[in-house]
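Student: data.pdb is reproduced in full below (PDB, C-alpha atoms).
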```pdb
ATOM      1  CA  GLN Y  12      80.248   3.056  72.883
ATOM      2  CA  GLN Y  13      81.946   2.124  69.614
ATOM      3  CA  GLN Y  14      78.598   0.871  68.297
ATOM      4  CA  GLN Y  15      76.999   4.226  69.239
ATOM      5  CA  GLN Y  16      79.714   6.123  67.333
ATOM      6  CA  GLN Y  17      79.084   3.944  64.271
ATOM      7  CA  GLN Y  18      75.353   4.671  64.481
ATOM      8  CA  GLN Y  19      76.046   8.426  64.733
ATOM      9  CA  GLN Y  20      78.271   8.266  61.659
ATOM     10  CA  GLN Y  21      75.665   6.282  59.727
ATOM     11  CA  LEU Y  22      72.869   8.673  60.712
ATOM     12  CA  GLN Y  23      75.122  11.741  60.396
ATOM     13  CA  LEU Y  24      74.010  13.147  63.725
ATOM     14  CA  PRO Y  25      75.606  16.358  64.969
ATOM     15  CA  ASP Y  26      78.465  15.838  67.424
ATOM     16  CA  ASP Y  27      77.051  18.345  69.895
ATOM     17  CA  PRO Y  28      73.651  17.171  71.189
ATOM     18  CA  GLY Y  29      73.085  20.649  72.661
ATOM     19  CA  VAL Y  30      72.677  22.207  69.199
ATOM     20  CA  SER Y  31      69.535  24.325  69.159
ATOM     21  CA  MET Y  32      67.386  23.548  66.138
ATOM     22  CA  SER Y  33      64.207  25.351  65.179
ATOM     23  CA  TRP Y  34      61.155  23.234  65.900
ATOM     24  CA  PRO Y  35      57.679  24.435  64.876
ATOM     25  CA  LEU Y  36      55.994  22.835  67.887
ATOM     26  CA  ARG Y  37      58.361  24.276  70.454
ATOM     27  CA  GLY Y  38      56.391  25.707  73.324
ATOM     28  CA  PRO Y  39      57.089  28.656  75.554
ATOM     29  CA  GLU Y  40      60.502  28.670  77.217
ATOM     30  CA  ASN Y  41      59.069  28.177  80.694
ATOM     31  CA  GLU Y  42      56.885  25.193  79.691
ATOM     32  CA  PRO Y  43      58.356  21.732  80.325
ATOM     33  CA  THR Y  44      58.330  19.206  77.463
ATOM     34  CA  ASN Y  45      56.253  16.804  79.544
ATOM     35  CA  SER Y  46      53.512  19.305  80.293
ATOM     36  CA  ALA Y  47      50.640  18.297  82.570
ATOM     37  CA  GLY Y  48      52.358  15.042  83.468
ATOM     38  CA  PHE Y  49      51.955  13.493  80.025
ATOM     39  CA  GLY Y  50      54.781  12.172  77.888
ATOM     40  CA  PRO Y  51      56.558  14.111  75.150
ATOM     41  CA  LEU Y  52      54.416  12.696  72.317
ATOM     42  CA  ALA Y  53      51.166  13.702  74.010
ATOM     43  CA  SER Y  54      52.678  17.100  74.674
ATOM     44  CA  LEU Y  55      53.617  17.522  70.989
ATOM     45  CA  VAL Y  56      50.166  16.467  69.807
ATOM     46  CA  THR Y  57      48.537  18.878  72.247
ATOM     47  CA  ARG Y  58      50.803  21.726  71.171
ATOM     48  CA  ALA Y  59      50.160  20.996  67.485
ATOM     49  CA  TRP Y  60      46.418  21.041  68.103
ATOM     50  CA  LEU Y  61      46.633  24.246  70.153
ATOM     51  CA  ASN Y  62      48.756  25.985  67.498
ATOM     52  CA  THR Y  63      46.272  24.938  64.800
ATOM     53  CA  VAL Y  64      43.309  26.258  66.798
ATOM     54  CA  ARG Y  65      45.059  29.556  67.530
ATOM     55  CA  ARG Y  66      46.035  30.004  63.843
ATOM     56  CA  ARG Y  67      42.527  29.227  62.623
ATOM     57  CA  LEU Y  68      40.927  31.580  65.140
ATOM     58  CA  ARG Y  69      43.313  34.300  63.999
ATOM     59  CA  MET Y  70      42.411  33.585  60.367
ATOM     60  CA  LEU Y  71      38.685  33.785  61.132
ATOM     61  CA  GLY Y  72      39.283  37.056  63.004
ATOM     62  CA  LEU Y  73      41.158  38.485  60.007
ATOM     63  CA  ALA Y  74      38.317  37.342  57.734
ATOM     64  CA  GLU Y  75      35.837  39.186  59.957
ATOM     65  CA  GLU Y  76      37.975  42.339  59.741
ATOM     66  CA  TYR Y  77      38.087  41.906  55.955
ATOM     67  CA  ARG Y  78      34.260  41.631  55.901
ATOM     68  CA  GLN Y  79      33.849  44.761  58.022
ATOM     69  CA  GLN Y  80      36.141  46.761  55.728
ATOM     70  CA  HIS Y  81      33.867  46.159  52.758
ATOM     71  CA  ARG Y  82      30.834  48.370  52.464
ATOM     72  CA  ALA Y  83      27.516  46.897  51.434
ATOM     73  CA  ASP Y  84      26.704  47.469  47.768
ATOM     74  CA  GLU Y  85      23.599  49.408  46.780
ATOM     75  CA  ALA Y  86      21.918  46.244  45.490
ATOM     76  CA  CYS Y  87      21.711  42.612  46.583
ATOM     77  CA  SER Y  88      24.314  40.625  44.652
ATOM     78  CA  GLN Y  89      21.931  37.657  44.378
ATOM     79  CA  CYS Y  90      18.521  39.099  43.438
ATOM     80  CA  GLY Y  91      19.399  42.727  42.626
ATOM     81  CA  VAL Y  92      16.905  44.326  45.018
ATOM     82  CA  ARG Y  93      17.642  47.911  46.125
ATOM     83  CA  GLU Y  94      16.377  50.055  48.999
ATOM     84  CA  ASP Y  95      14.636  52.362  46.504
ATOM     85  CA  ASP Y  96      12.684  49.619  44.685
ATOM     86  CA  PRO Y  97       8.915  50.285  44.834
ATOM     87  CA  PHE Y  98       8.030  46.975  46.539
ATOM     88  CA  VAL Y  99      10.707  47.605  49.208
ATOM     89  CA  LEU Y 100       9.419  51.151  49.787
ATOM     90  CA  GLU Y 101       5.906  49.708  50.397
ATOM     91  CA  ARG Y 102       7.320  47.888  53.498
ATOM     92  CA  ILE Y 103       5.134  44.801  53.027
ATOM     93  CA  GLY Y 104       6.035  41.176  53.836
ATOM     94  CA  ALA Y 105       9.753  40.397  53.849
ATOM     95  CA  TRP Y 106      10.450  44.059  53.120
ATOM     96  CA  ARG Y 107       8.743  45.485  56.246
ATOM     97  CA  ASN Y 108      12.150  46.775  57.490
ATOM     98  CA  GLY Y 109      13.483  47.585  54.041
ATOM     99  CA  ALA Y 110      15.963  45.502  52.043
ATOM    100  CA  GLU Y 111      18.403  45.370  54.995
ATOM    101  CA  LEU Y 112      21.416  45.051  52.700
ATOM    102  CA  ARG Y 113      24.427  43.621  54.559
ATOM    103  CA  VAL Y 114      27.747  42.014  53.732
ATOM    104  CA  GLN Y 115      27.316  38.314  54.519
ATOM    105  CA  ALA Y 116      29.501  35.208  54.221
ATOM    106  CA  VAL Y 117      28.364  33.136  51.236
ATOM    107  CA  LEU Y 118      31.065  30.453  51.582
ATOM    108  CA  ASN Y 119      31.880  28.165  54.488
ATOM    109  CA  LEU Y 120      34.808  29.990  56.118
ATOM    110  CA  ARG Y 121      36.137  26.875  57.874
ATOM    111  CA  GLU Y 122      36.404  25.070  54.535
ATOM    112  CA  LEU Y 123      38.092  28.152  53.082
ATOM    113  CA  VAL Y 124      40.626  28.148  55.954
ATOM    114  CA  GLU Y 125      41.392  24.469  55.372
ATOM    115  CA  SER Y 126      41.783  24.949  51.606
ATOM    116  CA  PHE Y 127      44.189  27.838  52.262
ATOM    117  CA  GLU Y 128      46.246  25.692  54.641
ATOM    118  CA  ARG Y 129      46.431  22.842  52.107
ATOM    119  CA  HIS Y 130      47.325  25.140  49.223
ATOM    120  CA  HIS Y 131      49.991  27.135  51.076
ATOM    121  CA  GLY Y 132      51.381  24.263  53.169
ATOM    122  CA  VAL Y 133      50.517  25.771  56.537
ATOM    123  CA  PRO Y 134      52.057  24.166  58.594
ATOM    124  CA  PRO Y 135      55.016  23.545  58.197
ATOM    125  CA  MET Y 136      55.235  26.866  56.342
ATOM    126  CA  PRO Y 137      54.442  29.858  58.568
ATOM    127  CA  PHE Y 138      51.097  31.605  58.267
ATOM    128  CA  ASP Y 139      51.227  34.818  56.230
ATOM    129  CA  ALA Y 140      48.332  37.245  56.793
ATOM    130  CA  ALA Y 141      48.905  38.954  53.414
ATOM    131  CA  GLN Y 142      48.504  35.619  51.616
ATOM    132  CA  TRP Y 143      45.324  34.977  53.587
ATOM    133  CA  GLU Y 144      43.909  38.359  52.534
ATOM    134  CA  SER Y 145      44.766  37.597  48.908
ATOM    135  CA  TRP Y 146      43.048  34.223  49.277
ATOM    136  CA  LEU Y 147      39.929  35.957  50.605
ATOM    137  CA  THR Y 148      39.982  38.439  47.723
ATOM    138  CA  ARG Y 149      40.370  35.636  45.168
ATOM    139  CA  HIS Y 150      37.549  33.477  46.557
ATOM    140  CA  GLU Y 151      35.106  36.308  47.405
ATOM    141  CA  PRO Y 152      33.526  34.715  50.486
ATOM    142  CA  PHE Y 153      31.476  37.834  51.288
ATOM    143  CA  LYS Y 154      28.685  39.407  49.241
ATOM    144  CA  THR Y 155      25.972  41.972  49.795
ATOM    145  CA  LEU Y 156      22.660  40.215  50.424
ATOM    146  CA  CYS Y 157      19.164  41.425  51.235
ATOM    147  CA  CYS Y 158      17.082  40.058  54.119
ATOM    148  CA  ARG Y 159      15.204  37.669  51.811
ATOM    149  CA  CYS Y 160      18.329  36.159  50.201
ATOM    150  CA  VAL Y 161      19.995  35.685  53.611
ATOM    151  CA  GLN Y 162      17.087  33.441  54.658
ATOM    152  CA  GLU Y 163      17.251  31.294  51.501
ATOM    153  CA  PRO Y 164      19.534  28.227  51.694
TER
END
```
Do you think you could lay out the structure here as structure tokens?

Tutor:
Amino acid sequence: QQQQQQQQQQLQLPDDPGVSMSWPLRGPENEPTNSAGFGPLASLVTRAWLNTVRRRLRMLGLAEEYRQQHRADEACSQCGVREDDPFVLERIGAWRNGAELRVQAVLNLRELVESFERHHGVPPMPFDAAQWESWLTRHEPFKTLCCRCVQEP
């Protein structure tokens, strides 16, 4: 017991082991720490993975909302074609349905999510949706493209 007290003093542990400390991987209150019969380490790894997946799905959902909020421009941002161009009005070849201008992702969104997480330290820092929107604005992952430019790699 004396050896344990010396170790506590050396490590400067709190006297009261019941002190509640914030832990980013803490699960729901009704979930045991050894969930599904696995040990605490497996439980922590599983929770970390689950929290990462949930955060990234939320980020992709917010990116989709951001894309839907932006109207398609009147011209393709890559080739400049417009719905009123003579060759589009002829409805021949790739233009049989018109230019079909749409807002499309031009960057890999998963890579963008990972770069945001690295840059902003998420986790351990909490995810901030406003920072994510600013990141999307800065990197411009969505552009207006015509049907022909969407098909080009």

Student: What does the distance from CA of Glu151 in chain Y to CA of Ala116 in chain Y come to in Å, to one decimal?

Tutor: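 That distance, rounded to one decimal, is 8.9 Å.
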
Student: Give me, as JSON lines, each residue of range 109-136 of chain Y that comes within 9 Å of range 81-90 of chain Y, together with its shortest interatomic pair and the distance in Å at one decimal, counting all atoms listed in the file, with rows ordered by chain and rising residue number.

Tutor:
```
{"residue": "Y:Ala110", "atom": "CA", "partner": "Y:Cys87", "partner_atom": "CA", "distance": 8.4}
{"residue": "Y:Leu112", "atom": "CA", "partner": "Y:Ala83", "partner_atom": "CA", "distance": 6.5}
{"residue": "Y:Arg113", "atom": "CA", "partner": "Y:Ala83", "partner_atom": "CA", "distance": 5.5}
{"residue": "Y:Val114", "atom": "CA", "partner": "Y:Ala83", "partner_atom": "CA", "distance": 5.4}
```

Student: Hey, can you check how far CA of Phe153 in chain Y sits from CA of Val117 in chain Y?

Tutor: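 Going from CA of Phe153 in chain Y over to CA of Val117 in chain Y, I get 5.6 Å.
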
Student: Hey, can I get the axis-aligned box for range 65-82 of chain Y? All listed atoms, 8 Å padding on each side, centre and edge lengths in Å to one decimal, as JSON.

Tutor:
```
{"center_x": 38.4, "center_y": 38.8, "center_z": 60.0, "size_x": 31.2, "size_y": 35.1, "size_z": 31.1}
```

Student: Could you check which of Y:Val99, Y:Val92, Y:Leu68, Y:Leu123 is closest to Pro152 in chain Y, using all atoms listed in the file?

Tutor: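 Closest to Pro152 in chain Y of all the choices is Y:Leu123.
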
Student: Report as a PyMOL selection string the full result of the PyMOL selection byres ((chain Y and resi 133) around 12) when it is applied to this structure.

Tutor: chain Y and resi 35+59+62-63+66-67+70+124-132+134-140+142-143

Student: Taking into account only C-alpha atoms, which residue in the set Y:Cys158, Y:Leu120, Y:Ala105, Y:Leu73 is nearest to Glu144 in chain Y?

Tutor: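 Once distances to Glu144 in chain Y are computed over only C-alpha atoms, the minimum belongs to Y:Leu73.
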
Student: Using only C-alpha atoms, which residue out of Y:Gln79, Y:Thr57, Y:Thr148, Y:Gln115 lies closest to Val161 in chain Y?

Tutor: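 Checking each of Y:Gln79, Y:Thr57, Y:Thr148, Y:Gln115 against Val161 in chain Y, counting only C-alpha atoms, the winner is Y:Gln115.
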
Student: Would you mind reading off the distance between CA of Thr155 in chain Y and CA of Arg93 in chain Y, one decimal, in Å?

Tutor: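 Computing it gives 10.9 Å between the two atoms.
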